[in-house]
Amino acid sequence: MARGSAVDGRRTRFAERWARAVTDETYVPMSSDELVRYLAGLADRIVALHAPGEFPAEEARQIGAALVHANITGPIGLGRTLALLADDPLTARAGTAKRRLEVQSALADGFAAALRDRTLAEQESIRLALVDARRQAEKALSASQARFQAVFAEAAIGMAVLDAQRRVVDANQALADMLGHAPTDLTGHDLGEYAHPEDADAVRSAVDGLLSGGSAPVQVERRFADADGALVWGRVTLSAIETPAGQPYAVAMIEDITERRLLELRLEYQAWHDPLTGLANRELFFARLGELLSTPDPDARVGLCYLDLDGFKVINDSFGHEIGDGVLVAVAQRLDLAVRRSGGLVARMGGDEFVILLDKPTAPDMDLTWCAEQALTALRPAVRVGGRELTVSASIGIVDRPIAGLTTADLMQAADTTLYWAKSDGRGRWAVFDPDRHAREVARYTLAATMPAAVEHGEFVVEYQPLVSLESDRLWGVEALVRWRHPQLGLLPPDQFINLAEETGAIVPLGRWVLQSACAQAQAWQAIAGPDFRVSVNLAVRQAHEQDLTEEVAAVLRDTGLPADRLVLELTESAIMGPAAEPLRALHTLAEMGVRLAIDDFGTGYSNLAYLRELPVHALKIAGSFVSGTPTARRTSTDPVDERIVATLVELAHALDLTVIAEGVETDEQAARLRAIGCDVGQGWHFARPSGPAAITARLAAEHHR
Amino acid sequence: MVAERGEHGIDFDEPCVARVYDYLLGGSHNFAVDRAAAERFSARVPDLAAGVRANRSFLRRAVRYLTGLGVRQFLDLGSGLPTAGNVHEAAPGARVVYVDHEPVAAAHGRTMLADVPRARMLAADLRDVDGVLGSPEVRDLLDLSEPVGLVMVGVFHNIGPDEDAPGLVRKYREALAPGSHLVVSAATRDSGDGFDWAERQTLLVDFHTFRRAEVAELFDGFELVDPGIVHLTRWRPDMAQPSDELVAKLPTVAGVGRL
Ligand SMILES: C[S@@+](CC[C@H](N)C(=O)[O-])C[C@H]1O[C@@H](n2cnc3c(N)ncnc32)[C@H](O)[C@@H]1O
């Protein structure tokens, strides 16, 4: 046992030394205990080799092989093993020297042979694995190539493989169909050859860009031409591929998007054209106009004819919209043809409005008036629509302006105005824009537009012009005259705004205010004025026709406390006559209330003397023109006709018991003559100019004390 | 077409990681290119071969440890060639699925394991978790309702920093039963004495290193067993390796966690 354990100890130490010697070269897949045990087993077998008798060479070789089996395969491992055998007490002196040598060499032999076998086996197995892996990869590759081929050939989308020179290496049927060639005809040709000449460079540079390193897929939409030269729109998607050998190729997928493109074009056309007539629509017109207006040339001009059918509404209303549309279509065609030579743009602006836009409006013999004449001439022959012969005419506003500083809005406003002028001049004619006239109209319009606010802001003042008794030279009354203290234009006399106010209707509130002011003032004068002192207030046509005229006058009288018979309302003959050419009912009511009525400007209108008898009129005012017919500084001799008319009027008036007031008396001589004729009252600069109420007050006071 | 990652190595003139690794372990499942690559790498990292041995040794110890706990099945992700004491040798009788994305490693594995009844080789990318877990190899051989040893030894340096290594592990974890274990070893960049993998790696493959804390993150959801995450030679050593001191200079850590 003791001997045994000593031997055991030697054996274990040997195995441990051995284990340490061999584990730092190759990986030995064992724990240290396992390895020591494994090597201890081998140590026992080595010790046994040294026993006398025939040398068991095969056993020795197997021990060498056992090292290899434990993955101790490095040259160092073997060397150290042999050194250990020579050195360790367990083996250093075991057996004979010859045997020790035999053991070492057989062990080394066995090791080498096993290592060789193993190495070859491992090399073989890894080589097989590699071949296997390659075969698998090739199989996968050829499967994917077969799939690619199938996809390529069957694809509905055009596809081509291009080499680095953009030459078609392979093309599928879809692409061939698209370009109208056989697939094989395409091979070898630069893809750019099939592009539309204008797009060829773009196609080429897209492919080149991709292959020279972009490598991210590229998409472009380009035109191609098929074998017959027909245009084909293609959406081209290019992606780069590389062969295993590293050659770059491009795969081009070309989708035929011609249909879509055409649809887009159609949509774009629709967006810019009038669906009914096919002419340019207003969007296109404004777009083109915008372009013209932004021309950098400072001397450039732009011109247009703005055309509107005369009485188109009547056609529409009496024959229906279909006929109306037919007329518009016919008109559009005629206009288009008529001015085509001018190169102008004919557009339908909507409804029955058309416009012809010229970028060179002053081109000799094809200028705007030429266009307008052409257009009017073209419309002259009757239009046949739905079996009817219809006559149409149009009015045209012509505008020709330098573009410098011009806006679209300005131009269109000018066109509109000019068209209006043409219309009001009568149908079937053209008018040319006149900037001065336009400016005046604009000024008038502006004045009219600000008038209502001006009434409210108290910009108007009432002045009074004395009416003087020709017999006594005393004040018979005053006429209230309104003036506008305009913040920008200064003090405006009535003739600058009363007609305008009549047109716009602003006269109604203004007149009401004047009436109110004048009555209030007259009431204030009551205290110092004589019993027959009156205030005259003008009643405009519109006012006279107001529904509630009488109530309103009554209300003013009530409010101011002025007795009705102190108020004279002056009306022109046209204001007196109602719609049915008979005097207004309201005048009777006013007269019954006690208000006095005077006919203004008598003799200038259609003076129907007959109604004078029926009317509750109290006075006639003879227009200044008759009065000035009497001698003045300018006219040295009197007009005998005028004078006779005035005399007759006075006679007539007196026969009807009416007071006669002469207006516009400017000279002493005129006054004397009128007095001689028997005229009752005079008014005019000869007596006094209109003035503020204070002057009248002063005069009344003076007369009162007299 | 353009070569995918992992598809290389099917040409004689390209080295492949599994074969380089085999050479470093002392095997002959390799070609001249592989050996040349291994020598180039070794020239920069003189202790590389020792480190590789230490890594394989850790793998064996960990697998033995798990079999000791009764774990009978293993999923080895990034196994390399199933030679030189790989899992099925360390755990005789256990069921093992090896996974590697290198075609040669996979082909070799299939042949080598043809006679091994309970081991299979799966050619797959371990980042395709569903692909791996749903493969016939895994479904036929492994019973995921029983504990599995999930082996991810020496593979994380192939998982890029933007590939969410913890997320990958989590996906595998979610498929595993309690009692399963995760076995990890990885090269680190913050545990050596100024040793820098980045300076020394070759162009063989991208070689990513981890921070120690990042390695710990891989064990989220697992309970680290003793001695935790340590240098891989210090994980339950069973052999006083003469090369331990050399290896200790290579910043690599290892650990085992229990689910
Ligand atoms: C360094 S070896 C490790 C071999 C073995 N696990 C060991 O530690 O001894 C890494 C192996 O992982 C494989 N590998 C790397 N990334 C992989 C991935 N994404 N999927 C599958 N295998 C991968 C490589 O092909 C290589 O064979």
# chains A, B, ... in the order shown; residues from 1 in each chain; ligands from 1

$ residues_near_ligand --ligand "ligand 1" --cutoff "7 Å" --atoms "only C-alpha atoms and all ligand atoms" --output "compact mmCIF listing (two decimals) with C-alpha atoms, in the first residue's frame"
# COMPACT_ATOMS: atom_id res chain seq x y z
CA GLY B 6 -22.40 36.25 -43.08
CA VAL B 17 -14.55 33.67 -38.39
CA ALA B 18 -15.52 30.14 -37.43
CA TYR B 21 -11.47 30.48 -34.40
CA ASN B 55 -13.23 31.42 -23.78
CA ARG B 56 -13.90 27.88 -24.95
CA LEU B 59 -18.03 27.67 -22.31
CA ASP B 76 -25.92 27.88 -28.80
CA LEU B 77 -26.13 31.14 -30.72
CA GLY B 78 -23.03 31.90 -32.77
CA SER B 79 -21.56 28.50 -32.13
CA GLY B 80 -18.86 28.43 -34.73
CA LEU B 81 -17.77 24.95 -35.82
CA VAL B 99 -26.83 28.37 -34.67
CA ASP B 100 -24.38 30.12 -36.92
CA HIS B 101 -24.87 32.32 -39.90
CA GLU B 102 -21.69 31.39 -41.66
CA ALA B 105 -19.77 26.59 -40.32
CA ALA B 124 -29.45 31.34 -39.34
CA ASP B 125 -28.77 34.81 -38.13
CA LEU B 126 -29.25 34.92 -34.40
CA ARG B 127 -30.71 38.44 -34.76
CA MET B 152 -24.14 33.40 -26.33
CA VAL B 153 -20.46 33.03 -25.94
CA GLY B 154 -18.07 35.12 -27.95
CA VAL B 155 -20.74 36.48 -30.27
CA ASN B 158 -20.51 40.77 -33.89
CA ILE B 159 -23.64 42.59 -32.73

$ select_by_dssp --residues "range 380-508 of chain A" --states "helix (DSSP H, G or I)" --output "number ranges by chain"
A: 408-424, 435-456, 494-496, 498-504, 507-508

$ residues_around --residues "Asp226 in chain B" --least-positions-apart "3" --cutoff "12 Å" --atoms "only C-alpha atoms" --output "number ranges by chain"
B: 62, 65, 223, 229-230, 234-237, 254-258

$ interface_residues --of "chain A" --to "chain B" --cutoff "8 Å" --atoms "only C-alpha atoms" --output "compact mmCIF listing (two decimals) with N, CA and C atoms, in the first residue's frame"
# COMPACT_ATOMS: atom_id res chain seq x y z
N ARG A 20 0.32 20.46 -17.14
CA ARG A 20 0.75 21.87 -17.25
C ARG A 20 1.52 22.12 -18.53
N THR A 23 -1.11 22.35 -21.93
CA THR A 23 -2.38 23.07 -22.08
C THR A 23 -2.23 24.49 -22.59
N ASP A 24 -0.99 24.96 -22.77
CA ASP A 24 -0.92 26.36 -23.20
C ASP A 24 -0.65 26.49 -24.68
N GLU A 25 -0.97 25.45 -25.42
CA GLU A 25 -0.73 25.56 -26.86
C GLU A 25 -2.02 25.36 -27.64
N THR A 26 -2.74 24.33 -27.30
CA THR A 26 -4.00 24.07 -27.96
C THR A 26 -5.07 23.94 -26.90
N TYR A 27 -6.29 24.00 -27.36
CA TYR A 27 -7.39 23.91 -26.40
C TYR A 27 -7.66 22.44 -26.08
N VAL A 28 -7.59 22.13 -24.83
CA VAL A 28 -7.86 20.77 -24.39
C VAL A 28 -9.22 20.78 -23.70
N PRO A 29 -10.20 20.16 -24.29
CA PRO A 29 -11.56 20.31 -23.79
C PRO A 29 -11.83 19.46 -22.54
N MET A 30 -11.07 19.69 -21.52
CA MET A 30 -11.28 18.95 -20.26
C MET A 30 -10.98 19.87 -19.11
N SER A 31 -11.57 19.53 -17.96
CA SER A 31 -11.19 20.25 -16.76
C SER A 31 -9.80 19.76 -16.36
N SER A 32 -9.14 20.48 -15.48
CA SER A 32 -7.77 20.07 -15.13
C SER A 32 -7.78 18.68 -14.48
N ASP A 33 -8.76 18.41 -13.63
CA ASP A 33 -8.84 17.08 -13.00
C ASP A 33 -8.95 16.00 -14.05
N ASN A 71 -6.78 16.49 -28.15
CA ASN A 71 -6.57 17.81 -28.76
C ASN A 71 -5.24 18.43 -28.36
N THR A 73 -2.26 18.86 -29.76
CA THR A 73 -1.84 18.62 -31.14
C THR A 73 -0.67 19.48 -31.57
N GLY A 74 -0.20 20.35 -30.67
CA GLY A 74 0.85 21.25 -31.10
C GLY A 74 2.22 20.60 -30.98
N THR A 119 -5.50 15.78 -39.10
CA THR A 119 -5.43 17.01 -39.88
C THR A 119 -6.05 16.81 -41.26
N GLU A 122 -9.76 16.57 -40.91
CA GLU A 122 -10.38 17.88 -40.66
C GLU A 122 -10.34 18.75 -41.90
N GLN A 123 -9.19 18.70 -42.58
CA GLN A 123 -9.08 19.48 -43.81
C GLN A 123 -10.13 19.02 -44.82
N SER A 125 -12.93 17.49 -44.15
CA SER A 125 -14.31 17.80 -43.77
C SER A 125 -14.61 19.29 -43.96
N ILE A 126 -13.63 20.12 -43.69
CA ILE A 126 -13.93 21.55 -43.84
C ILE A 126 -14.00 21.90 -45.32
N LEU A 128 -15.05 19.85 -47.63
CA LEU A 128 -16.37 19.39 -48.06
C LEU A 128 -17.44 20.38 -47.63
N ALA A 129 -17.27 20.89 -46.40
CA ALA A 129 -18.26 21.84 -45.90
C ALA A 129 -18.28 23.08 -46.79
N LEU A 130 -17.10 23.48 -47.20
CA LEU A 130 -17.03 24.66 -48.04
C LEU A 130 -17.71 24.41 -49.39
N VAL A 131 -17.40 23.26 -49.93
CA VAL A 131 -18.02 22.92 -51.21
C VAL A 131 -19.53 22.86 -51.05
N ASP A 132 -19.90 22.22 -49.97
CA ASP A 132 -21.33 22.10 -49.66
C ASP A 132 -21.97 23.49 -49.57
N ALA A 133 -21.29 24.35 -48.82
CA ALA A 133 -21.83 25.70 -48.62
C ALA A 133 -21.91 26.44 -49.95
N ARG A 134 -20.88 26.22 -50.76
CA ARG A 134 -20.91 26.91 -52.06
C ARG A 134 -22.05 26.40 -52.92
N ILE A 241 -26.72 47.47 -59.41
CA ILE A 241 -26.38 46.15 -58.89
C ILE A 241 -24.93 45.90 -59.25
N GLU A 242 -24.37 44.89 -58.58
CA GLU A 242 -22.97 44.62 -58.81
C GLU A 242 -22.85 43.12 -58.96
N THR A 243 -22.13 42.71 -59.94
CA THR A 243 -21.92 41.26 -60.07
C THR A 243 -20.93 40.85 -59.00
N PRO A 244 -20.88 39.52 -58.69
CA PRO A 244 -19.88 39.08 -57.69
C PRO A 244 -18.49 39.55 -58.09

$ closest_residue --among "A:Thr572, A:Thr408, A:Ser105, A:Ser342" --to "Ala598 in chain A" --atoms "only C-alpha atoms"
A:Thr572

$ residues_around --residues "range 132-141 of chain B" --least-positions-apart "6" --cutoff "12 Å" --atoms "only C-alpha atoms" --output "tab-separated table (two decimals) with N, CA and C atoms, in the first residue's frame"
chain	number	residue	atom	x	y	z
B	72	ARG	N	-30.89	20.14	-19.67
B	72	ARG	CA	-30.66	19.04	-20.62
B	72	ARG	C	-30.72	19.49	-22.07
B	73	GLN	N	-30.93	20.80	-22.27
B	73	GLN	CA	-31.00	21.25	-23.67
B	73	GLN	C	-30.35	22.62	-23.79
B	74	PHE	N	-29.71	22.82	-24.96
B	74	PHE	CA	-28.95	24.05	-25.16
B	74	PHE	C	-29.24	24.65	-26.53
B	75	LEU	N	-29.29	25.97	-26.51
B	75	LEU	CA	-29.38	26.70	-27.77
B	75	LEU	C	-28.13	27.56	-27.83
B	76	ASP	N	-27.23	27.22	-28.75
B	76	ASP	CA	-25.92	27.88	-28.80
B	76	ASP	C	-25.93	28.85	-29.99
B	77	LEU	N	-26.00	30.12	-29.67
B	77	LEU	CA	-26.13	31.14	-30.72
B	77	LEU	C	-24.74	31.65	-31.08
B	78	GLY	N	-24.37	31.49	-32.34
B	78	GLY	CA	-23.03	31.90	-32.77
B	78	GLY	C	-22.03	30.86	-32.31
B	94	ALA	N	-27.13	15.70	-23.85
B	94	ALA	CA	-28.05	16.84	-23.90
B	94	ALA	C	-28.45	17.09	-25.35
B	95	ARG	N	-29.58	17.78	-25.52
B	95	ARG	CA	-30.01	18.15	-26.87
B	95	ARG	C	-29.49	19.55	-27.18
B	96	VAL	N	-28.86	19.69	-28.32
B	96	VAL	CA	-28.19	20.97	-28.63
B	96	VAL	C	-28.58	21.42	-30.03
B	97	VAL	N	-28.95	22.68	-30.12
B	97	VAL	CA	-29.08	23.29	-31.44
B	97	VAL	C	-28.01	24.36	-31.55
B	98	TYR	N	-27.15	24.19	-32.53
B	98	TYR	CA	-26.14	25.19	-32.81
B	98	TYR	C	-26.68	26.13	-33.88
B	99	VAL	N	-26.38	27.39	-33.69
B	99	VAL	CA	-26.83	28.37	-34.67
B	99	VAL	C	-25.63	29.19	-35.12
B	100	ASP	N	-25.42	29.23	-36.41
B	100	ASP	CA	-24.38	30.12	-36.92
B	100	ASP	C	-24.80	30.59	-38.29
B	101	HIS	N	-24.44	31.80	-38.61
B	101	HIS	CA	-24.87	32.32	-39.90
B	101	HIS	C	-23.83	32.13	-40.99
B	110	ARG	N	-23.57	20.53	-40.10
B	110	ARG	CA	-24.57	19.53	-40.52
B	110	ARG	C	-23.90	18.17	-40.75
B	117	PRO	N	-27.11	12.07	-32.55
B	117	PRO	CA	-28.57	12.04	-32.58
B	117	PRO	C	-29.21	13.29	-32.01
B	118	ARG	N	-28.63	13.90	-31.01
B	118	ARG	CA	-29.37	14.96	-30.35
B	118	ARG	C	-28.77	16.34	-30.58
B	119	ALA	N	-28.00	16.50	-31.66
B	119	ALA	CA	-27.46	17.84	-31.94
B	119	ALA	C	-27.75	18.19	-33.40
B	120	ARG	N	-28.10	19.43	-33.59
B	120	ARG	CA	-28.41	19.89	-34.95
B	120	ARG	C	-27.72	21.22	-35.19
B	121	MET	N	-27.51	21.49	-36.44
B	121	MET	CA	-26.91	22.77	-36.81
B	121	MET	C	-27.96	23.57	-37.59
B	122	LEU	N	-28.12	24.80	-37.20
B	122	LEU	CA	-29.08	25.66	-37.90
B	122	LEU	C	-28.31	26.83	-38.53
B	123	ALA	N	-28.47	26.98	-39.82
B	123	ALA	CA	-27.85	28.13	-40.48
B	123	ALA	C	-28.82	29.29	-40.39
B	124	ALA	N	-28.53	30.21	-39.49
B	124	ALA	CA	-29.45	31.34	-39.34
B	124	ALA	C	-28.72	32.49	-38.67
B	125	ASP	N	-29.30	33.63	-38.82
B	125	ASP	CA	-28.77	34.81	-38.13
B	125	ASP	C	-29.45	34.89	-36.78
B	126	LEU	N	-28.65	34.95	-35.73
B	126	LEU	CA	-29.25	34.92	-34.40
B	126	LEU	C	-30.11	36.17	-34.14
B	148	VAL	N	-33.70	25.75	-20.70
B	148	VAL	CA	-32.76	25.72	-21.82
B	148	VAL	C	-31.53	26.50	-21.41
B	150	LEU	N	-29.14	28.96	-22.78
B	150	LEU	CA	-29.01	29.85	-23.94
B	150	LEU	C	-27.57	30.34	-23.95
B	168	LEU	N	-32.35	41.90	-28.07
B	168	LEU	CA	-32.27	40.56	-28.68
B	168	LEU	C	-32.38	39.50	-27.59
B	171	LYS	N	-35.81	39.13	-26.24
B	171	LYS	CA	-36.74	38.36	-27.09
B	171	LYS	C	-36.55	36.86	-26.88
B	172	TYR	N	-35.30	36.43	-26.77
B	172	TYR	CA	-35.08	35.00	-26.52
B	172	TYR	C	-35.61	34.63	-25.14
B	173	ARG	N	-35.32	35.52	-24.20
B	173	ARG	CA	-35.72	35.22	-22.82
B	173	ARG	C	-37.21	34.99	-22.75
B	174	GLU	N	-37.95	35.84	-23.44
B	174	GLU	CA	-39.40	35.75	-23.35
B	174	GLU	C	-39.93	34.41	-23.85
B	175	ALA	N	-39.11	33.68	-24.64
B	175	ALA	CA	-39.56	32.40	-25.17
B	175	ALA	C	-39.16	31.23	-24.25
B	176	LEU	N	-38.36	31.56	-23.23
B	176	LEU	CA	-37.79	30.47	-22.43
B	176	LEU	C	-38.55	30.24	-21.13

$ residues_around --residues "Leu562 in chain A" --least-positions-apart "2" --cutoff "6 Å" --atoms "only C-alpha atoms" --output "PyMOL selection string"
chain A and resi 523+557+560

$ residues_around --residues "Ala177 in chain B" --least-positions-apart "3" --cutoff "8 Å" --atoms "only C-alpha atoms" --output "list in words"
Leu144, Ser145, Glu146, Pro147, Val148, Ser180 and Leu259 of chain B

$ write_last_selection --atoms "N, CA and C atoms" --output "PDB file, in the first residue's frame"
ATOM      1  N   LEU B 144     -39.285  24.055 -25.297  1.00  0.00           N
ATOM      2  CA  LEU B 144     -39.100  25.372 -24.661  1.00  0.00           C
ATOM      3  C   LEU B 144     -39.893  25.502 -23.363  1.00  0.00           C
ATOM      4  N   SER B 145     -40.695  24.516 -23.044  1.00  0.00           N
ATOM      5  CA  SER B 145     -41.366  24.587 -21.744  1.00  0.00           C
ATOM      6  C   SER B 145     -40.451  24.051 -20.645  1.00  0.00           C
ATOM      7  N   GLU B 146     -39.308  23.514 -21.074  1.00  0.00           N
ATOM      8  CA  GLU B 146     -38.317  23.029 -20.112  1.00  0.00           C
ATOM      9  C   GLU B 146     -37.130  23.983 -20.126  1.00  0.00           C
ATOM     10  N   PRO B 147     -36.322  23.985 -19.045  1.00  0.00           N
ATOM     11  CA  PRO B 147     -35.168  24.891 -19.019  1.00  0.00           C
ATOM     12  C   PRO B 147     -34.224  24.649 -20.191  1.00  0.00           C
ATOM     13  N   VAL B 148     -33.704  25.746 -20.700  1.00  0.00           N
ATOM     14  CA  VAL B 148     -32.765  25.715 -21.819  1.00  0.00           C
ATOM     15  C   VAL B 148     -31.529  26.505 -21.410  1.00  0.00           C
ATOM     16  N   SER B 180     -34.304  28.287 -17.070  1.00  0.00           N
ATOM     17  CA  SER B 180     -33.367  28.431 -18.178  1.00  0.00           C
ATOM     18  C   SER B 180     -32.220  29.331 -17.735  1.00  0.00           C
ATOM     19  N   LEU B 259     -32.962  32.261 -15.135  1.00  0.00           N
ATOM     20  CA  LEU B 259     -34.274  32.885 -15.383  1.00  0.00           C
ATOM     21  C   LEU B 259     -35.269  32.462 -14.317  1.00  0.00           C
TER      22      LEU B 259
END

$ closest_atom_pairs --of "range 543-569 of chain A" --to "range 473-487 of chain A" --cutoff "10 Å" --atoms "only C-alpha atoms" --output "JSON lines"
{"residue": "A:Arg566", "atom": "CA", "partner": "A:Gly477", "partner_atom": "CA", "distance": 9.1}
{"residue": "A:Leu567", "atom": "CA", "partner": "A:Gly477", "partner_atom": "CA", "distance": 9.6}
{"residue": "A:Val568", "atom": "CA", "partner": "A:Glu479", "partner_atom": "CA", "distance": 8.8}
{"residue": "A:Leu569", "atom": "CA", "partner": "A:Glu479", "partner_atom": "CA", "distance": 9.6}

$ closest_residue --among "B:Val87, B:Ala32, B:Leu232, B:Val215" --to "Asp164 in chain B" --atoms "only C-alpha atoms"
B:Val215

$ atom_distance --atom1 "CA of Phe497 in chain A" --atom2 "CA of Lys621 in chain A"
21.9 Å

$ atom_distance --atom1 "CA of Gly692 in chain A" --atom2 "CA of Glu463 in chain A"
4.9 Å
